file run-v3.txt (compact mmCIF, C-alpha atoms)
# COMPACT_ATOMS: atom_id res chain seq x y z
CA MET K 43 -6.78 -24.87 4.51
CA ASN K 44 -8.66 -21.58 4.06
CA GLN K 45 -7.74 -18.79 1.68
CA ALA K 46 -6.23 -16.54 4.35
CA MET K 47 -3.80 -19.24 5.47
CA LEU K 48 -2.75 -19.86 1.86
CA TYR K 49 -1.96 -16.16 1.42
CA ALA K 50 -0.04 -16.19 4.71
CA LEU K 51 1.95 -19.26 3.63
CA ALA K 52 2.79 -17.60 0.31
CA ALA K 53 4.13 -14.53 2.13
CA ILE K 54 6.07 -16.67 4.62
CA ALA K 55 7.62 -18.73 1.81
CA MET K 56 8.79 -15.58 0.04
CA TRP K 57 10.26 -14.11 3.23
CA ALA K 58 11.96 -17.44 3.93
CA SER K 59 13.76 -17.13 0.58
CA VAL K 60 15.57 -13.95 1.65
CA ALA K 61 18.55 -15.74 3.22
CA THR K 62 19.08 -17.81 0.07
CA LEU K 63 18.47 -15.02 -2.44
CA SER K 64 20.56 -12.43 -0.60
CA ALA K 65 23.73 -14.57 -0.54
CA LEU K 66 25.11 -12.47 -3.40
CA THR K 67 24.06 -9.09 -1.94
CA HIS K 68 25.43 -9.35 1.61
CA THR K 69 28.42 -7.17 0.66
CA LEU K 70 26.12 -4.28 -0.28
CA PRO K 71 24.88 -1.66 2.23
CA PRO K 72 21.64 -3.06 3.71
CA PHE K 73 19.58 0.13 3.46
CA PHE K 74 20.56 0.44 -0.20
CA VAL K 75 19.28 -3.08 -0.87
CA ALA K 76 16.09 -2.45 1.11
CA GLY K 77 15.47 0.93 -0.49
CA VAL K 78 15.89 -0.22 -4.07
CA GLY K 79 14.07 -3.49 -3.36
CA LEU K 80 11.05 -1.80 -1.79
CA MET K 81 10.75 0.69 -4.62
CA LEU K 82 10.89 -2.15 -7.13
CA GLY K 83 8.27 -4.00 -5.10
CA SER K 84 5.97 -1.00 -5.36
CA LEU K 85 5.99 -1.38 -9.14
CA LEU K 86 3.75 -4.44 -8.78
CA THR K 87 0.85 -2.10 -8.04
CA VAL K 88 1.84 1.02 -9.98
CA ARG K 89 -0.79 0.26 -12.64
CA ARG K 90 -3.36 0.80 -9.87
CA ILE K 91 -1.62 3.81 -8.37
CA SER K 92 -4.96 5.50 -7.75
CA GLU K 93 -5.55 2.86 -5.06
CA TRP K 94 -2.50 4.08 -3.15
CA LYS K 95 -4.76 6.85 -1.87
CA VAL K 96 -6.03 5.59 1.49
CA PRO K 97 -6.93 7.21 4.83
CA PRO K 98 -3.84 8.81 6.46
CA LYS K 99 -3.91 6.38 9.38
CA ASN K 100 -3.81 3.41 6.99
CA PHE K 101 -0.84 4.91 5.15
CA ALA K 102 0.97 5.80 8.38
CA ASN K 103 0.51 2.27 9.69
CA GLY K 104 1.81 0.78 6.43
CA VAL K 105 4.98 2.85 6.41
CA TYR K 106 5.42 2.28 10.16
CA GLY K 107 5.29 -1.48 9.61
CA ILE K 108 7.41 -1.87 6.50
CA PHE K 109 10.04 0.82 7.01
CA GLY K 110 10.03 0.45 10.80
CA PHE K 111 10.71 -3.28 10.62
CA TYR K 112 13.73 -2.87 8.34
CA PHE K 113 15.03 0.10 10.32
CA PHE K 114 15.08 -1.79 13.60
CA LEU K 115 16.29 -5.07 12.09
CA PHE K 116 19.23 -3.63 10.18
CA ASN K 117 20.33 -1.62 13.21
CA ALA K 118 20.04 -4.79 15.27
CA TYR K 119 22.38 -6.56 12.85
CA ARG K 120 24.81 -3.67 13.20
CA LEU K 121 24.79 -3.66 17.01
CA ALA K 122 24.46 -7.36 17.90
CA PRO K 123 25.51 -10.77 16.52
CA VAL K 124 23.33 -11.56 13.52
CA MET K 125 22.19 -14.93 14.88
CA ASP K 126 21.13 -13.46 18.23
CA ALA K 127 19.30 -10.58 16.55
CA THR K 128 17.56 -12.96 14.15
CA VAL K 129 16.23 -15.12 16.98
CA LEU K 130 14.89 -12.12 18.89
CA SER K 131 13.25 -10.66 15.78
CA TYR K 132 11.44 -13.97 15.25
CA ILE K 133 9.40 -13.34 18.37
CA TRP K 134 6.93 -11.41 16.18
CA PRO K 135 4.60 -14.41 15.61
CA LEU K 136 4.35 -14.96 19.37
CA LEU K 137 3.67 -11.25 19.92
CA MET K 138 0.96 -11.31 17.25
CA VAL K 139 -0.84 -13.99 19.21
CA LEU K 140 -0.36 -12.48 22.66
CA LEU K 141 -1.23 -8.92 21.63
CA SER K 142 -4.31 -9.82 19.58
CA PRO K 143 -6.77 -9.42 22.52
CA LEU K 144 -5.36 -5.95 23.23
CA LEU K 145 -5.43 -4.64 19.66
CA LEU K 146 -8.38 -6.53 18.20
CA PRO K 147 -11.53 -5.91 20.27
CA GLY K 148 -13.57 -9.03 20.88
CA THR K 149 -10.63 -11.38 20.34
CA ARG K 150 -9.95 -14.10 22.91
CA LEU K 151 -6.95 -16.33 23.39
CA SER K 152 -7.27 -20.05 23.84
CA ALA K 153 -4.74 -22.40 25.39
CA ASN K 154 -3.91 -23.85 21.98
CA HIS K 155 -2.99 -20.39 20.64
CA ILE K 156 -0.61 -19.68 23.51
CA LEU K 157 0.97 -23.13 23.73
CA GLY K 158 1.28 -23.46 19.96
CA SER K 159 3.01 -20.09 19.67
CA LEU K 160 5.40 -20.79 22.54
CA ILE K 161 6.34 -24.21 21.15
CA GLY K 162 6.70 -22.79 17.66
CA PHE K 163 8.94 -19.93 18.83
CA ALA K 164 11.11 -22.34 20.83
CA GLY K 165 11.51 -24.47 17.69
CA ALA K 166 12.27 -21.40 15.58
CA ALA K 167 14.96 -20.30 18.03
CA LEU K 168 16.41 -23.81 18.09
CA ILE K 169 16.67 -24.16 14.32
CA VAL K 170 18.29 -20.73 13.96
CA THR K 171 20.85 -21.24 16.74
CA GLY K 172 21.39 -24.99 16.64
CA GLY K 173 20.98 -24.92 20.41
CA LYS K 174 23.90 -22.52 20.84
CA LEU K 175 22.91 -19.00 21.86
CA SER K 176 25.03 -16.79 24.10
CA LEU K 177 23.60 -13.36 24.77
CA SER K 178 26.08 -10.61 25.64
CA LEU K 179 25.33 -7.55 27.76
CA SER K 180 27.48 -5.42 25.46
CA ALA K 181 25.08 -6.15 22.59
CA LEU K 182 22.00 -5.04 24.57
CA PRO K 183 21.24 -2.08 22.23
CA GLY K 184 21.17 -4.52 19.32
CA TYR K 185 18.89 -6.90 21.18
CA LEU K 186 16.50 -4.05 21.91
CA MET K 187 16.52 -3.11 18.23
CA ALA K 188 15.70 -6.72 17.28
CA LEU K 189 12.84 -6.78 19.77
CA GLY K 190 11.72 -3.45 18.33
CA ALA K 191 11.54 -5.03 14.87
CA ALA K 192 9.37 -7.82 16.27
CA VAL K 193 7.05 -5.38 18.05
CA VAL K 194 6.71 -3.24 14.93
CA TRP K 195 5.77 -6.14 12.67
CA ALA K 196 3.34 -7.70 15.14
CA THR K 197 1.55 -4.40 15.89
CA TYR K 198 1.50 -3.35 12.23
CA SER K 199 -0.12 -6.65 11.29
CA LEU K 200 -2.76 -6.45 14.02
CA VAL K 201 -3.58 -2.77 13.49
CA THR K 202 -4.01 -3.46 9.75
CA ARG K 203 -6.92 -5.72 10.67
CA ARG K 204 -8.77 -3.03 12.64
CA LEU K 205 -8.27 -0.11 10.24
CA PRO K 206 -10.82 0.76 7.54
CA ALA K 207 -10.73 -1.66 4.62
CA SER K 208 -8.60 -0.54 1.68
CA SER K 209 -7.28 -2.08 -1.52
CA ASP K 210 -4.34 -4.47 -1.23
CA ASN K 211 -2.71 -2.35 -3.93
CA ALA K 212 -2.25 0.42 -1.36
CA VAL K 213 0.65 -1.67 -0.04
CA GLY K 214 2.58 -0.50 -3.10
CA GLY K 215 2.42 3.04 -1.78
CA TYR K 216 3.69 1.93 1.61
CA CYS K 217 6.60 0.15 -0.09
CA PHE K 218 7.42 3.17 -2.25
CA VAL K 219 7.62 5.62 0.66
CA SER K 220 9.46 3.08 2.82
CA GLY K 221 11.93 2.60 -0.01
CA LEU K 222 12.53 6.35 -0.25
CA LEU K 223 13.16 6.53 3.50
CA ALA K 224 15.55 3.58 3.35
CA LEU K 225 17.49 5.16 0.47
CA GLY K 226 17.64 8.40 2.45
CA LEU K 227 19.26 6.51 5.31
CA HIS K 228 21.61 4.83 2.87
CA PHE K 229 22.88 8.11 1.44
CA ALA K 230 23.14 9.63 4.93
CA THR K 231 24.81 6.79 6.81
CA GLU K 232 26.23 4.15 4.45
CA PRO K 233 29.08 4.05 1.92
CA ALA K 234 28.25 4.26 -1.76
CA ALA K 235 26.99 1.05 -3.34
CA HIS K 236 28.40 -0.37 -6.58
CA PRO K 237 26.36 -3.50 -7.40
CA SER K 238 27.48 -5.92 -10.08
CA ALA K 239 25.08 -7.13 -12.76
CA ILE K 240 24.25 -10.31 -10.82
CA GLN K 241 23.70 -8.27 -7.66
CA TRP K 242 21.27 -6.00 -9.49
CA LEU K 243 19.41 -9.12 -10.62
CA MET K 244 19.20 -10.44 -7.04
CA ILE K 245 17.98 -7.06 -5.78
CA ALA K 246 15.26 -7.14 -8.44
CA VAL K 247 14.15 -10.63 -7.36
CA LEU K 248 14.20 -9.61 -3.68
CA GLY K 249 12.20 -6.50 -4.51
CA LEU K 250 9.52 -8.21 -6.56
CA LEU K 251 9.05 -11.18 -4.20
CA PRO K 252 9.92 -10.74 -0.47
CA MET K 253 9.73 -6.92 -0.60
CA GLY K 254 6.75 -6.71 -2.91
CA ALA K 255 4.43 -9.64 -3.54
CA ALA K 256 4.91 -10.98 0.01
CA PHE K 257 3.55 -7.77 1.55
CA LEU K 258 0.52 -7.93 -0.74
CA CYS K 259 -0.16 -11.54 0.28
CA TRP K 260 0.34 -10.75 3.96
CA ASN K 261 -2.07 -7.81 3.81
CA ARG K 262 -4.72 -10.03 2.24
CA ALA K 263 -4.12 -12.79 4.80
CA ILE K 264 -4.50 -10.38 7.72
CA ARG K 265 -7.68 -8.91 6.26
CA LEU K 266 -9.27 -12.30 5.62
CA GLY K 267 -8.01 -14.53 8.42
CA ASP K 268 -7.62 -15.05 12.13
CA ALA K 269 -4.58 -13.10 13.38
CA ARG K 270 -3.96 -15.67 16.12
CA GLN K 271 -3.74 -18.54 13.65
CA ILE K 272 -1.67 -16.53 11.18
CA GLY K 273 0.71 -15.54 13.97
CA ALA K 274 1.22 -19.16 14.98
CA LEU K 275 1.91 -20.06 11.35
CA GLY K 276 4.59 -17.35 11.19
CA ASN K 277 6.96 -19.56 13.21
CA ALA K 278 7.43 -21.63 10.05
CA THR K 279 9.50 -18.81 8.48
CA PRO K 280 12.91 -19.86 9.90
CA LEU K 281 12.15 -23.51 9.16
CA LEU K 282 11.47 -22.82 5.49
CA SER K 283 14.46 -20.49 5.34
CA THR K 284 16.76 -23.19 6.71
CA LEU K 285 15.39 -25.82 4.34
CA MET K 286 15.94 -23.50 1.36
CA LEU K 287 19.53 -22.87 2.45
CA VAL K 288 20.10 -26.63 2.76
CA ALA K 289 18.54 -27.28 -0.66
CA SER K 290 20.80 -24.65 -2.24
CA GLY K 291 23.89 -26.12 -0.56
CA GLN K 292 24.48 -23.06 1.62
CA ALA K 293 23.79 -24.83 4.95
CA THR K 294 23.49 -28.26 6.56
CA LEU K 295 21.08 -29.53 9.18
CA ASN K 296 22.60 -30.18 12.60
CA GLY K 297 21.57 -32.71 15.22
CA SER K 298 18.97 -30.44 16.82
CA ALA K 299 17.17 -29.75 13.52
CA ALA K 300 14.80 -32.74 13.75
CA LEU K 301 13.58 -31.63 17.17
CA ALA K 302 13.25 -28.03 16.01
CA ILE K 303 11.25 -29.06 12.93
CA ALA K 304 8.94 -31.21 15.06
CA MET K 305 8.38 -28.30 17.47
CA ILE K 306 7.63 -25.82 14.70
CA VAL K 307 5.21 -28.17 12.94
CA ALA K 308 3.50 -29.12 16.21
CA GLY K 309 3.30 -25.49 17.32
CA ALA K 310 1.80 -24.38 14.00
CA ALA K 311 -0.71 -27.22 14.03
CA LEU K 312 -1.74 -26.51 17.62
CA GLY K 313 -1.86 -22.76 17.15
CA THR K 314 -4.04 -22.94 14.05
CA LEU K 315 -6.76 -25.07 15.62
CA PRO K 316 -10.21 -23.43 15.65
CA ALA K 317 -10.51 -20.69 18.24
CA GLU K 318 -13.18 -22.56 20.15
CA ARG K 319 -10.73 -25.20 21.34
CA LEU K 320 -9.43 -24.90 24.91
CA ARG K 321 -10.44 -21.25 25.21
CA LEU K 322 -9.10 -19.26 28.12
CA GLY K 323 -11.95 -17.04 29.18
CA SER K 324 -9.70 -15.11 31.55
CA LEU K 325 -7.77 -13.68 28.61
CA ARG K 326 -10.81 -12.14 27.03
CA ALA K 327 -10.22 -8.78 25.36

call {"tool": "encode", "arguments": {"input": "run-v3.txt", "output": "structure tokens"}}
result
Amino acid sequence: MNQAMLYALAAIAMWASVATLSALTHTLPPFFVAGVGLMLGSLLTVRRISEWKVPPKNFANGVYGIFGFYFFLFNAYRLAPVMDATVLSYIWPLLMVLLSPLLLPGTRLSANHILGSLIGFAGAALIVTGGKLSLSLSALPGYLMALGAAVVWATYSLVTRRLPASSDNAVGGYCFVSGLLALGLHFATEPAAHPSAIQWLMIAVLGLLPMGAAFLCWNRAIRLGDARQIGALGNATPLLSTLMLVASGQATLNGSAALAIAMIVAGAALGTLPAERLRLGSLRA
């Protein structure tokens, strides 16, 4: 496995830990948790704060991706059932693959990229829902927000690849500004937060890992690797999240889990095959 895929896996593993780590913070206002967490995450690069200075379009894209994702996702959770919103937000790996020819000039899609991503997303949806998903028209605004989160993360990731190269430490600046924006929303729209000592500890862990180090790893993976392969690998996020919940005793695997796991693994394997395999010339950028 190449270096880019290892960085991507590290980021995915940290994001997968969110459900387990946040068990003790779910009673806190979400934008408070995100705001404090992102600002703590920015501390990982504060010793290289001079590298936060990047071209304006790089900085705008970073804040768009990190703050925009949380903005849409948390509003989706507010307006739609959490399980439904989670499934729709997990369409971002599929969008990364399908949008790559449009946003990355010279990129082509092969049959293995498309099939692998579709199979992987189907498996991700299955493991999140257990085969039980009932969409409601009344929750349509929430569904649109969840899809917005997926679009934001997919486009942020792809645009990062085509922008001028900058230090990975610049991600700390994106996290800092995104954290300020999230805290602004917290004070404007949410009740006051009063975390306990253990909740503060969990926020610190969330900030330093999923809201800090993971973004650094993801930025490096996108810069070094093939966005189509990394996108296909992203479908492993809900699988790892579920396995962590099971290992911590917070969840159990249902009867559809074996099929879902097989689909996610097969989709990731198929989608990360070399780009030359089964290429679809008609989908050339």

call {"tool": "residues_around", "arguments": {"input": "run-v3.txt", "residues": "Ile54 of chain K", "least_positions_apart": "3", "cutoff": "10 Å", "atoms": "all atoms listed in the file", "output": "PDB file with C-alpha atoms, keeping the file's coordinate frame"}}
result
ATOM      1  CA  LEU K  48      -2.750 -19.860   1.860  1.00  0.00           C
ATOM      2  CA  TYR K  49      -1.960 -16.160   1.420  1.00  0.00           C
ATOM      3  CA  ALA K  50      -0.040 -16.190   4.710  1.00  0.00           C
ATOM      4  CA  LEU K  51       1.950 -19.260   3.630  1.00  0.00           C
ATOM      5  CA  TRP K  57      10.260 -14.110   3.230  1.00  0.00           C
ATOM      6  CA  ALA K  58      11.960 -17.440   3.930  1.00  0.00           C
ATOM      7  CA  SER K  59      13.760 -17.130   0.580  1.00  0.00           C
ATOM      8  CA  PRO K 252       9.920 -10.740  -0.470  1.00  0.00           C
ATOM      9  CA  ALA K 256       4.910 -10.980   0.010  1.00  0.00           C
ATOM     10  CA  PHE K 257       3.550  -7.770   1.550  1.00  0.00           C
ATOM     11  CA  CYS K 259      -0.160 -11.540   0.280  1.00  0.00           C
ATOM     12  CA  TRP K 260       0.340 -10.750   3.960  1.00  0.00           C
ATOM     13  CA  LEU K 275       1.910 -20.060  11.350  1.00  0.00           C
ATOM     14  CA  GLY K 276       4.590 -17.350  11.190  1.00  0.00           C
ATOM     15  CA  ASN K 277       6.960 -19.560  13.210  1.00  0.00           C
ATOM     16  CA  ALA K 278       7.430 -21.630  10.050  1.00  0.00           C
ATOM     17  CA  THR K 279       9.500 -18.810   8.480  1.00  0.00           C
ATOM     18  CA  PRO K 280      12.910 -19.860   9.900  1.00  0.00           C
ATOM     19  CA  LEU K 282      11.470 -22.820   5.490  1.00  0.00           C
ATOM     20  CA  SER K 283      14.460 -20.490   5.340  1.00  0.00           C
TER      21      SER K 283
END

call {"tool": "atom_distance", "arguments": {"input": "run-v3.txt", "atom1": "atom CA of Arg265 of chain K", "atom2": "atom CA of Leu137 of chain K"}}
result
17.9 Å

call {"tool": "residues_around", "arguments": {"input": "run-v3.txt", "residues": "segment 108-115 of chain K", "least_positions_apart": "6", "cutoff": "10 Å", "atoms": "all atoms listed in the file", "output": "ChimeraX atom specification"}}
result
/K:72-73,76-77,80,121,124,127-128,130-131,184-196,198,213,216-224,227,253,257

call {"tool": "atom_distance", "arguments": {"input": "run-v3.txt", "atom1": "atom CA of Trp242 of chain K", "atom2": "atom CA of Met56 of chain K"}}
result
18.4 Å

call {"tool": "closest_residue", "arguments": {"input": "run-v3.txt", "among": "K:Asn261, K:Ile169, K:Thr231, K:Leu157", "to": "Leu285 of chain K", "atoms": "only C-alpha atoms"}}
result
K:Ile169

call {"tool": "closest_residue", "arguments": {"input": "run-v3.txt", "among": "K:Thr62, K:Thr197, K:Thr69, K:Ser178", "to": "Gly104 of chain K", "atoms": "only C-alpha atoms"}}
result
K:Thr197

call {"tool": "atom_distance", "arguments": {"input": "run-v3.txt", "atom1": "atom CA of Val139 of chain K", "atom2": "atom CA of Met47 of chain K"}}
result
15.0 Å

call {"tool": "residues_around", "arguments": {"input": "run-v3.txt", "residues": "Leu63 of chain K", "least_positions_apart": "2", "cutoff": "8 Å", "atoms": "only C-alpha atoms", "output": "VMD selection string"}}
result
chain K and resid 59 to 61 65 to 66 244 247 to 248

call {"tool": "decode", "arguments": {"input": "run-v3.txt", "residues": "segment 220-246 of chain K", "atoms": "N, CA, C and O atoms", "output": "tab-separated table (two decimals), in the first residue's frame"}}
result
chain	number	residue	atom	x	y	z
K	220	SER	N	-12.41	27.90	11.22
K	220	SER	CA	-13.65	27.11	11.25
K	220	SER	C	-14.17	26.98	12.67
K	220	SER	O	-15.38	27.02	12.91
K	221	GLY	N	-13.25	26.81	13.62
K	221	GLY	CA	-13.64	26.71	15.02
K	221	GLY	C	-14.27	28.01	15.51
K	221	GLY	O	-15.27	27.99	16.24
K	222	LEU	N	-13.69	29.15	15.13
K	222	LEU	CA	-14.27	30.44	15.50
K	222	LEU	C	-15.68	30.59	14.95
K	222	LEU	O	-16.59	31.07	15.64
K	223	LEU	N	-15.87	30.21	13.69
K	223	LEU	CA	-17.19	30.30	13.08
K	223	LEU	C	-18.19	29.40	13.79
K	223	LEU	O	-19.34	29.78	14.02
K	224	ALA	N	-17.75	28.18	14.13
K	224	ALA	CA	-18.64	27.25	14.83
K	224	ALA	C	-19.02	27.79	16.21
K	224	ALA	O	-20.18	27.69	16.63
K	225	LEU	N	-18.06	28.37	16.92
K	225	LEU	CA	-18.37	28.94	18.23
K	225	LEU	C	-19.31	30.14	18.09
K	225	LEU	O	-20.18	30.36	18.94
K	226	GLY	N	-19.13	30.90	17.01
K	226	GLY	CA	-20.05	32.01	16.76
K	226	GLY	C	-21.48	31.51	16.60
K	226	GLY	O	-22.43	32.10	17.14
K	227	LEU	N	-21.65	30.41	15.86
K	227	LEU	CA	-22.97	29.82	15.70
K	227	LEU	C	-23.50	29.29	17.03
K	227	LEU	O	-24.69	29.37	17.32
K	228	HIS	N	-22.59	28.72	17.81
K	228	HIS	CA	-23.01	28.21	19.12
K	228	HIS	C	-23.59	29.32	19.98
K	228	HIS	O	-24.71	29.19	20.52
K	229	PHE	N	-22.87	30.42	20.10
K	229	PHE	CA	-23.33	31.52	20.96
K	229	PHE	C	-24.60	32.17	20.40
K	229	PHE	O	-25.42	32.69	21.17
K	230	ALA	N	-24.77	32.10	19.07
K	230	ALA	CA	-25.93	32.75	18.45
K	230	ALA	C	-27.18	31.88	18.46
K	230	ALA	O	-28.29	32.40	18.49
K	231	THR	N	-26.99	30.56	18.43
K	231	THR	CA	-28.16	29.69	18.19
K	231	THR	C	-28.35	28.58	19.21
K	231	THR	O	-29.41	27.94	19.22
K	232	GLU	N	-27.37	28.32	20.07
K	232	GLU	CA	-27.46	27.17	20.97
K	232	GLU	C	-27.47	27.62	22.43
K	232	GLU	O	-26.98	28.70	22.75
K	233	PRO	N	-28.01	26.79	23.31
K	233	PRO	CA	-27.96	27.12	24.74
K	233	PRO	C	-26.53	27.03	25.26
K	233	PRO	O	-25.67	26.40	24.65
K	234	ALA	N	-26.30	27.66	26.39
K	234	ALA	CA	-24.95	27.65	26.98
K	234	ALA	C	-24.52	26.23	27.31
K	234	ALA	O	-25.33	25.38	27.70
K	235	ALA	N	-23.24	25.97	27.14
K	235	ALA	CA	-22.69	24.64	27.43
K	235	ALA	C	-22.00	24.63	28.78
K	235	ALA	O	-21.31	25.60	29.14
K	236	HIS	N	-22.17	23.54	29.52
K	236	HIS	CA	-21.52	23.39	30.83
K	236	HIS	C	-20.91	21.99	30.92
K	236	HIS	O	-21.43	21.12	31.61
K	237	PRO	N	-19.79	21.78	30.21
K	237	PRO	CA	-19.18	20.44	30.18
K	237	PRO	C	-18.63	20.03	31.55
K	237	PRO	O	-18.12	20.87	32.31
K	238	SER	N	-18.70	18.74	31.82
K	238	SER	CA	-18.06	18.18	33.00
K	238	SER	C	-16.58	17.95	32.70
K	238	SER	O	-16.14	18.11	31.55
K	239	ALA	N	-15.83	17.55	33.69
K	239	ALA	CA	-14.40	17.31	33.49
K	239	ALA	C	-14.16	16.22	32.45
K	239	ALA	O	-13.29	16.35	31.57
K	240	ILE	N	-14.93	15.12	32.50
K	240	ILE	CA	-14.75	14.03	31.54
K	240	ILE	C	-15.17	14.47	30.15
K	240	ILE	O	-14.57	14.05	29.16
K	241	GLN	N	-16.16	15.35	30.06
K	241	GLN	CA	-16.57	15.86	28.75
K	241	GLN	C	-15.49	16.76	28.15
K	241	GLN	O	-15.23	16.71	26.95
K	242	TRP	N	-14.87	17.57	28.98
K	242	TRP	CA	-13.75	18.38	28.50
K	242	TRP	C	-12.63	17.49	27.96
K	242	TRP	O	-12.01	17.79	26.92
K	243	LEU	N	-12.36	16.38	28.65
K	243	LEU	CA	-11.33	15.46	28.20
K	243	LEU	C	-11.69	14.86	26.84
K	243	LEU	O	-10.84	14.78	25.94
K	244	MET	N	-12.95	14.46	26.67
K	244	MET	CA	-13.38	13.88	25.40
K	244	MET	C	-13.32	14.91	24.28
K	244	MET	O	-12.94	14.60	23.15
K	245	ILE	N	-13.68	16.16	24.57
K	245	ILE	CA	-13.58	17.22	23.56
K	245	ILE	C	-12.13	17.41	23.14
K	245	ILE	O	-11.82	17.60	21.95
K	246	ALA	N	-11.22	17.33	24.11
K	246	ALA	CA	-9.80	17.48	23.80
K	246	ALA	C	-9.32	16.35	22.88
K	246	ALA	O	-8.58	16.59	21.91
